[in-house]
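Raw contents of upload.txt, compact mmCIF, C-alpha atoms and all ligand atoms:
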```txt
# COMPACT_ATOMS: atom_id res chain seq x y z
CA MET A 1138 -29.12 -0.81 23.15
CA ALA A 1139 -31.10 1.89 21.42
CA GLU A 1140 -28.86 4.71 22.53
CA SER A 1141 -25.65 3.25 21.20
CA ASP A 1142 -27.42 2.23 17.97
CA ASP A 1143 -28.50 5.83 17.54
CA VAL A 1144 -24.96 7.02 18.03
CA ARG A 1145 -23.79 4.55 15.45
CA ASP A 1146 -26.54 5.51 12.96
CA SER A 1147 -26.00 9.23 13.36
CA ALA A 1148 -22.28 8.81 12.76
CA ALA A 1149 -23.24 7.17 9.43
CA VAL A 1150 -19.85 5.52 9.28
CA TYR A 1151 -20.69 1.89 9.87
CA ARG A 1152 -21.73 0.10 6.71
CA ASN A 1153 -22.56 -3.54 6.36
CA GLY A 1154 -20.99 -5.79 3.76
CA GLN A 1155 -23.85 -5.45 1.27
CA GLU A 1156 -23.53 -1.66 1.19
CA ILE A 1157 -19.87 -1.84 0.19
CA GLU A 1158 -19.33 -1.60 -3.55
CA CYS A 1159 -15.53 -1.56 -3.64
CA TRP A 1160 -12.96 -3.33 -1.51
CA LEU A 1161 -9.33 -2.51 -0.83
CA THR A 1162 -7.34 -5.12 1.05
CA ASP A 1163 -3.84 -5.40 2.38
CA MET A 1164 -1.95 -8.51 1.25
CA ASP A 1165 0.49 -9.76 3.93
CA GLY A 1166 -1.25 -10.80 7.15
CA VAL A 1167 -4.67 -10.56 5.51
CA LEU A 1168 -4.66 -12.77 2.39
CA VAL A 1169 -1.29 -14.48 2.77
CA HIS A 1170 0.94 -15.34 5.68
CA GLU A 1171 4.54 -16.36 4.95
CA ASN A 1172 3.58 -17.28 1.37
CA GLN A 1173 0.62 -19.40 2.47
CA ALA A 1174 -2.95 -18.35 1.69
CA VAL A 1175 -4.92 -17.44 4.82
CA PRO A 1176 -7.93 -19.81 5.09
CA GLY A 1177 -10.96 -18.12 3.52
CA ALA A 1178 -8.94 -15.71 1.36
CA ALA A 1179 -9.38 -17.66 -1.89
CA GLU A 1180 -13.14 -17.89 -1.30
CA LEU A 1181 -13.40 -14.16 -0.52
CA ILE A 1182 -11.61 -13.21 -3.75
CA GLN A 1183 -13.77 -15.66 -5.71
CA ARG A 1184 -16.88 -14.11 -4.17
CA TRP A 1185 -15.75 -10.62 -5.23
CA VAL A 1186 -15.17 -11.93 -8.75
CA ASP A 1187 -18.53 -13.79 -8.86
CA THR A 1188 -20.47 -10.75 -7.65
CA SER A 1189 -18.56 -8.34 -9.95
CA LYS A 1190 -17.25 -6.31 -7.00
CA ARG A 1191 -14.42 -3.93 -7.79
CA PHE A 1192 -11.40 -4.68 -5.59
CA LEU A 1193 -7.67 -4.08 -5.30
CA VAL A 1194 -5.03 -5.95 -3.32
CA LEU A 1195 -2.60 -3.38 -1.90
CA THR A 1196 1.04 -3.77 -0.93
CA ASN A 1197 3.68 -1.31 0.26
CA ASN A 1198 6.35 -3.55 -1.24
CA SER A 1199 7.70 -1.91 -4.42
CA ILE A 1200 10.02 -4.74 -5.56
CA PHE A 1201 7.55 -6.63 -7.74
CA THR A 1202 5.35 -5.72 -10.69
CA PRO A 1203 1.65 -6.64 -10.44
CA ARG A 1204 2.34 -9.50 -12.89
CA ASP A 1205 5.09 -10.87 -10.62
CA LEU A 1206 2.83 -10.56 -7.59
CA SER A 1207 -0.10 -12.23 -9.34
CA ALA A 1208 2.18 -15.19 -10.16
CA ARG A 1209 3.50 -15.34 -6.59
CA LEU A 1210 -0.04 -15.25 -5.18
CA ARG A 1211 -1.04 -18.08 -7.53
CA VAL A 1212 1.75 -20.23 -6.03
CA SER A 1213 0.30 -19.40 -2.58
CA GLY A 1214 -3.10 -20.62 -3.77
CA LEU A 1215 -4.77 -17.27 -4.62
CA GLU A 1216 -6.04 -16.25 -8.07
CA VAL A 1217 -5.66 -12.47 -8.20
CA PRO A 1218 -5.52 -10.95 -11.70
CA GLU A 1219 -2.66 -8.47 -12.12
CA GLU A 1220 -5.12 -5.62 -12.76
CA ASN A 1221 -6.43 -6.17 -9.22
CA ILE A 1222 -3.05 -5.43 -7.61
CA TRP A 1223 -1.92 -1.96 -6.52
CA THR A 1224 1.64 -1.46 -5.24
CA SER A 1225 3.37 1.52 -3.64
CA ALA A 1226 5.46 1.68 -6.84
CA LEU A 1227 2.31 2.18 -8.96
CA ALA A 1228 0.99 4.76 -6.47
CA THR A 1229 4.35 6.57 -6.56
CA ALA A 1230 4.42 6.59 -10.38
CA GLN A 1231 0.86 7.95 -10.46
CA PHE A 1232 1.73 10.63 -7.89
CA LEU A 1233 4.82 11.73 -9.85
CA LYS A 1234 2.89 11.76 -13.14
CA ASP A 1235 0.32 14.06 -11.50
CA GLN A 1236 3.13 16.26 -10.21
CA VAL A 1237 4.62 16.59 -13.68
CA ARG A 1238 1.20 17.34 -15.21
CA GLY A 1239 0.13 19.68 -12.44
CA SER A 1240 3.30 21.69 -11.95
CA GLY A 1241 5.12 21.46 -15.24
CA SER A 1242 8.17 19.85 -13.63
CA GLY A 1243 10.37 17.55 -15.70
CA ASN A 1244 9.94 13.79 -16.07
CA ARG A 1245 13.47 12.62 -15.38
CA ALA A 1246 14.00 10.29 -12.43
CA TYR A 1247 16.93 8.52 -10.83
CA THR A 1248 15.72 5.35 -9.12
CA ILE A 1249 17.00 2.95 -6.53
CA GLY A 1250 14.70 -0.04 -6.84
CA GLU A 1251 13.74 -3.11 -8.79
CA ALA A 1252 11.42 -3.97 -11.68
CA GLY A 1253 8.28 -3.06 -9.72
CA LEU A 1254 9.43 0.56 -9.53
CA THR A 1255 11.30 0.98 -12.81
CA THR A 1256 8.45 -0.60 -14.83
CA ALA A 1257 5.86 1.61 -13.12
CA LEU A 1258 7.88 4.77 -13.81
CA HIS A 1259 8.57 3.80 -17.42
CA GLU A 1260 4.86 3.16 -18.01
CA ALA A 1261 4.06 6.54 -16.43
CA GLY A 1262 6.26 8.23 -19.02
CA PHE A 1263 9.42 8.82 -17.00
CA ILE A 1264 12.98 8.81 -18.31
CA LEU A 1265 15.28 6.96 -15.91
CA THR A 1266 18.65 8.66 -15.75
CA ASP A 1267 21.41 9.83 -13.43
CA GLN A 1268 21.90 12.96 -15.57
CA ASP A 1269 20.21 15.98 -13.98
CA PRO A 1270 17.03 14.16 -12.80
CA ASP A 1271 14.02 16.04 -11.43
CA PHE A 1272 13.37 13.30 -8.85
CA VAL A 1273 15.32 10.74 -6.87
CA VAL A 1274 12.91 7.85 -6.26
CA LEU A 1275 13.83 5.34 -3.59
CA GLY A 1276 12.09 1.96 -3.47
CA GLU A 1277 12.65 -1.48 -2.08
CA THR A 1278 15.55 -3.63 -3.20
CA ARG A 1279 17.41 -6.57 -1.72
CA THR A 1280 20.80 -5.35 -2.91
CA TYR A 1281 21.25 -1.74 -1.87
CA SER A 1282 24.40 -0.44 -3.54
CA PHE A 1283 26.64 2.05 -1.77
CA GLU A 1284 27.42 3.62 -5.16
CA ALA A 1285 23.72 4.09 -5.95
CA ILE A 1286 23.05 5.61 -2.50
CA THR A 1287 26.03 7.96 -2.98
CA MET A 1288 24.64 8.99 -6.38
CA ALA A 1289 21.19 9.60 -4.85
CA ILE A 1290 22.69 11.78 -2.11
CA ARG A 1291 24.64 13.90 -4.60
CA LEU A 1292 21.63 14.32 -6.90
CA ILE A 1293 19.40 15.39 -4.00
CA LEU A 1294 22.02 17.88 -2.84
CA ALA A 1295 22.07 19.18 -6.43
CA GLY A 1296 18.32 19.84 -6.26
CA ALA A 1297 16.48 16.63 -7.23
CA ARG A 1298 13.25 16.07 -5.26
CA PHE A 1299 13.47 13.12 -2.85
CA ILE A 1300 10.59 10.61 -3.06
CA ALA A 1301 10.26 7.22 -1.31
CA THR A 1302 7.76 4.49 -2.20
CA ASN A 1303 7.07 3.45 1.40
CA PRO A 1304 8.16 4.15 4.98
CA ASP A 1305 8.76 0.57 6.17
CA ALA A 1306 12.09 0.36 8.02
CA THR A 1307 12.38 -3.40 7.73
CA GLY A 1308 10.91 -6.13 5.59
CA PRO A 1309 10.51 -9.85 6.25
CA SER A 1310 12.77 -12.56 4.87
CA LYS A 1311 13.03 -16.22 5.74
CA ASP A 1312 16.20 -15.54 7.77
CA GLY A 1313 14.78 -12.55 9.69
CA PRO A 1314 14.20 -8.81 9.21
CA MET A 1315 16.00 -6.96 6.41
CA PRO A 1316 16.61 -3.20 6.12
CA ALA A 1317 14.00 -1.71 3.82
CA THR A 1318 13.12 1.58 2.11
CA GLY A 1319 12.53 3.55 5.33
CA ALA A 1320 15.94 2.64 6.74
CA ILE A 1321 17.77 3.62 3.54
CA ALA A 1322 15.72 6.83 3.35
CA ALA A 1323 16.92 7.67 6.89
CA LEU A 1324 20.52 7.24 5.76
CA ILE A 1325 19.97 9.56 2.79
CA THR A 1326 18.16 12.09 5.00
CA LYS A 1327 21.06 12.09 7.44
CA ALA A 1328 23.51 12.77 4.63
CA THR A 1329 21.45 15.44 2.85
CA GLY A 1330 19.30 17.05 5.54
CA ARG A 1331 16.29 16.40 3.24
CA GLU A 1332 13.22 14.39 4.18
CA PRO A 1333 11.55 12.32 1.43
CA TYR A 1334 7.89 12.56 0.46
CA VAL A 1335 6.64 9.04 1.22
CA VAL A 1336 3.74 7.72 -0.86
CA GLY A 1337 2.87 4.24 0.55
CA LYS A 1338 0.77 3.43 3.61
CA PRO A 1339 0.04 5.05 6.02
CA ASN A 1340 -0.18 7.96 3.57
CA PRO A 1341 -3.85 7.96 2.48
CA MET A 1342 -2.48 8.97 -0.96
CA MET A 1343 -1.94 5.24 -1.52
CA PHE A 1344 -5.67 4.60 -1.05
CA ARG A 1345 -6.82 7.61 -3.03
CA SER A 1346 -4.80 6.55 -6.07
CA ALA A 1347 -6.06 2.97 -5.67
CA MET A 1348 -9.67 4.21 -5.54
CA ASN A 1349 -9.15 6.32 -8.66
CA GLN A 1350 -7.87 3.22 -10.40
CA ILE A 1351 -11.16 1.34 -9.89
CA ASP A 1352 -13.43 4.40 -9.87
CA ALA A 1353 -14.31 3.86 -6.21
CA HIS A 1354 -15.86 6.39 -3.83
CA SER A 1355 -15.03 6.58 -0.15
CA GLU A 1356 -18.68 6.32 1.00
CA THR A 1357 -19.00 2.84 -0.48
CA THR A 1358 -15.44 1.51 -0.12
CA ALA A 1359 -13.94 -0.63 2.64
CA MET A 1360 -10.33 -1.27 3.61
CA ILE A 1361 -9.26 -4.58 5.16
CA GLY A 1362 -5.94 -4.63 7.01
CA ASP A 1363 -3.97 -6.35 9.76
CA ARG A 1364 -2.23 -3.26 11.19
CA MET A 1365 -3.81 -0.50 13.26
CA ASP A 1366 -0.79 1.80 12.65
CA THR A 1367 -0.90 1.66 8.85
CA ASP A 1368 -3.96 0.03 7.24
CA ILE A 1369 -6.60 1.15 9.71
CA ILE A 1370 -5.39 4.71 10.37
CA ALA A 1371 -4.89 5.38 6.65
CA GLY A 1372 -8.25 3.82 5.77
CA MET A 1373 -9.95 5.93 8.42
CA GLU A 1374 -8.25 9.11 7.19
CA ALA A 1375 -9.30 8.32 3.62
CA GLY A 1376 -12.91 8.09 4.85
CA LEU A 1377 -13.31 4.35 4.29
CA HIS A 1378 -15.12 1.65 6.21
CA THR A 1379 -12.27 -0.10 8.06
CA VAL A 1380 -12.02 -3.81 8.86
CA LEU A 1381 -9.21 -5.05 11.12
CA VAL A 1382 -8.42 -8.75 10.82
CA LEU A 1383 -6.46 -10.44 13.61
CA SER A 1384 -4.61 -12.85 11.29
CA GLY A 1385 -1.49 -10.67 11.04
CA ILE A 1386 0.41 -8.08 13.07
CA THR A 1387 -2.09 -6.37 15.40
CA GLN A 1388 -3.40 -8.59 18.21
CA ARG A 1389 -6.78 -8.08 19.88
CA ASP A 1390 -5.28 -6.85 23.19
CA GLU A 1391 -3.30 -4.13 21.36
CA ILE A 1392 -6.34 -2.38 19.88
CA ASP A 1393 -7.04 -0.52 23.15
CA SER A 1394 -3.62 1.17 23.06
CA TYR A 1395 -4.65 3.19 19.97
CA PRO A 1396 -6.75 6.37 20.23
CA PHE A 1397 -8.94 5.28 17.28
CA ARG A 1398 -10.94 2.17 16.37
CA PRO A 1399 -11.71 0.25 13.20
CA ASN A 1400 -15.38 -0.11 12.20
CA GLN A 1401 -15.12 -3.89 12.46
CA VAL A 1402 -12.74 -6.39 14.06
CA LEU A 1403 -12.73 -9.95 12.67
CA ASN A 1404 -10.55 -12.96 13.37
CA SER A 1405 -9.76 -13.32 9.67
CA VAL A 1406 -11.17 -12.85 6.17
CA ALA A 1407 -12.92 -16.21 6.65
CA ASP A 1408 -15.42 -14.30 8.83
CA LEU A 1409 -15.91 -11.65 6.16
CA LYS A 1410 -16.92 -13.83 3.26
CA ASN A 1411 -20.19 -14.70 5.01
CA GLN A 1412 -21.14 -11.02 5.26
CA ILE A 1413 -20.91 -10.01 1.63
MG MG A 1501 -0.20 -6.43 6.40
```
Represent the supplied structure as structure tokens.
Amino acid sequence: MAESDDVRDSAAVYRNGQEIECWLTDMDGVLVHENQAVPGAAELIQRWVDTSKRFLVLTNNSIFTPRDLSARLRVSGLEVPEENIWTSALATAQFLKDQVRGSGSGNRAYTIGEAGLTTALHEAGFILTDQDPDFVVLGETRTYSFEAITMAIRLILAGARFIATNPDATGPSKDGPMPATGAIAALITKATGREPYVVGKPNPMMFRSAMNQIDAHSETTAMIGDRMDTDIIAGMEAGLHTVLVLSGITQRDEIDSYPFRPNQVLNSVADLKNQI
């Protein structure tokens, strides 16, 4: 009806696929599901490549480097070049680099994490050390060490700034949920009384750093995600066109329980490739 169309036009938020110049997309639940490509995902990525669209595949998981993830996606049937992958570890390294540049703080970091995080921090110019670090950076790992957590707690109590790559309390594994960064951060907070600054989704910082990476602007960028409570809220707060796909966590009947809405709801990325 005319009235609702007017409301939509005046809000100037809804954009159609052709107006979008840059795409950000979540990985799990959108492009892959339990290491299997979601039908339509390979074609969507190919279409972005063929039409020279700038895009990034985002993940809160800080275990892997973009090269590792690109190889894992290839096994799942998706060709995503490593330069098109943006992890919470890269976003965290970029944030800390900006902090060092902008405030003159030191570039020494103690990390709990794997190659995804340590490589990102090394490439951002950080020295990784347990001697008088400026930051304690907590990321995802599958083998949390009590000794490393103890060291982190002592360094934070001695004045190091506490940073976490992502807030997720659990992560998936083939045998069931595993404790993840958010759960270990809670342990460290309990022991120190200090809350971390958390960079990954739903912090819109993750999207802003991704957009900087591909020189994207919010007016012409869309975010595709499968979770209302992370992808969609963060995309909305970053001023992006938001697309919820129902191929992952959020189900259609759950949308109404949130006080905000995505711009578009689609069954899966298979429905999106026809629009762009
Ligand atoms: Mg997801």
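Here the question is which of A:Arg1209, A:Arg1291, A:Arg1245, A:Lys1338 gets nearest to ligand MG 1501 (chain A) using only C-alpha atoms and all ligand atoms, and that residue is A:Lys1338.
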Could I get the residues of chain A with an atom no further than 8 Å from an atom of ligand MG 1501 (chain A), each paired with its nearest atom pair and that distance in Å to one decimal, using all atoms listed in the file, sorted by chain and residue number, as a Markdown table?
```
| residue | atom | partner | partner_atom | distance |
| --- | --- | --- | --- | --- |
| A:Asp1163 | CA | A:MG1501 | MG | 5.5 |
| A:Met1164 | CA | A:MG1501 | MG | 5.8 |
| A:Asp1165 | CA | A:MG1501 | MG | 4.2 |
| A:Gly1166 | CA | A:MG1501 | MG | 4.6 |
| A:Val1167 | CA | A:MG1501 | MG | 6.2 |
| A:Thr1196 | CA | A:MG1501 | MG | 7.9 |
| A:Gly1362 | CA | A:MG1501 | MG | 6.0 |
| A:Asp1363 | CA | A:MG1501 | MG | 5.1 |
| A:Arg1364 | CA | A:MG1501 | MG | 6.1 |
| A:Asp1368 | CA | A:MG1501 | MG | 7.5 |
| A:Gly1385 | CA | A:MG1501 | MG | 6.4 |
| A:Ile1386 | CA | A:MG1501 | MG | 6.9 |
```
May I have the selected residues written with C-alpha atoms, as a PDB file, in the frame of the given file?
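Written file, part27.pdb:
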```
ATOM      1  CA  ASP A1163      -3.840  -5.400   2.380  1.00  0.00           C
ATOM      2  CA  MET A1164      -1.950  -8.510   1.250  1.00  0.00           C
ATOM      3  CA  ASP A1165       0.490  -9.760   3.930  1.00  0.00           C
ATOM      4  CA  GLY A1166      -1.250 -10.800   7.150  1.00  0.00           C
ATOM      5  CA  VAL A1167      -4.670 -10.560   5.510  1.00  0.00           C
ATOM      6  CA  THR A1196       1.040  -3.770  -0.930  1.00  0.00           C
ATOM      7  CA  GLY A1362      -5.940  -4.630   7.010  1.00  0.00           C
ATOM      8  CA  ASP A1363      -3.970  -6.350   9.760  1.00  0.00           C
ATOM      9  CA  ARG A1364      -2.230  -3.260  11.190  1.00  0.00           C
ATOM     10  CA  ASP A1368      -3.960   0.030   7.240  1.00  0.00           C
ATOM     11  CA  GLY A1385      -1.490 -10.670  11.040  1.00  0.00           C
ATOM     12  CA  ILE A1386       0.410  -8.080  13.070  1.00  0.00           C
TER      13      ILE A1386
END
```
Task: Selection near region 1188-1194 of chain A, 7 Å with all atoms listed in the file, sequence-local residues under 6 positions removed, as a ChimeraX atom specification - done: /A:1158-1164,1221-1223,1351
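Non-sequential neighbours of Gln1231 (chain A) (distance at most 8 Å, separation of 4 or more positions within a chain, all atoms listed in the file) are Leu1227, Asp1235, Ala1261 and Ser1346 of chain A.
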Open item on the list: Ranking A:Thr1278, A:Ser1394, A:Gln1183, A:Ser1405 by minimum distance to Glu1216 (chain A) and counting only C-alpha atoms, which one comes first?
Closed with: A:Gln1183
Task: Residue contacts of Thr1287 (chain A) (9 Å, only C-alpha atoms) excluding same-chain residues fewer than 5 positions away, as a list in words - done: Ser1282, Leu1292 and Ile1325 of chain A
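The interatomic distance for the pair CA of Val1335 (chain A) and CA of Val1273 (chain A) works out to 12.0 Å.
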Name all residues at most 8 Å from Gly1319 (chain A) (count only C-alpha atoms; drop same-chain ones fewer than 2 positions away) and give them as a compact mmCIF listing (two decimals) with C-alpha atoms, keeping the file's coordinate frame.
```
# COMPACT_ATOMS: atom_id res chain seq x y z
CA ALA A 1301 10.26 7.22 -1.31
CA ASN A 1303 7.07 3.45 1.40
CA PRO A 1304 8.16 4.15 4.98
CA ASP A 1305 8.76 0.57 6.17
CA ALA A 1306 12.09 0.36 8.02
CA THR A 1307 12.38 -3.40 7.73
CA PRO A 1316 16.61 -3.20 6.12
CA ALA A 1317 14.00 -1.71 3.82
CA ILE A 1321 17.77 3.62 3.54
CA ALA A 1322 15.72 6.83 3.35
CA ALA A 1323 16.92 7.67 6.89
```
Open item on the list: From the options A:Thr1387, A:Glu1180, A:Val1380, A:Ala1353, which residue's atoms come nearest to Val1402 (chain A), counting all atoms listed in the file?
Closed with: A:Val1380
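Straight-line separation from CA of Ile1413 (chain A) to CA of Gln1155 (chain A): 5.4 Å.
Distances to Ile1200 (chain A) were evaluated for A:Ser1213, A:Ser1240, A:Gln1388, A:Thr1280 using only C-alpha atoms, and the minimum falls at A:Thr1280.
As for CA of Thr1266 (chain A) and CA of Ile1300 (chain A), they are spaced 15.2 Å apart.
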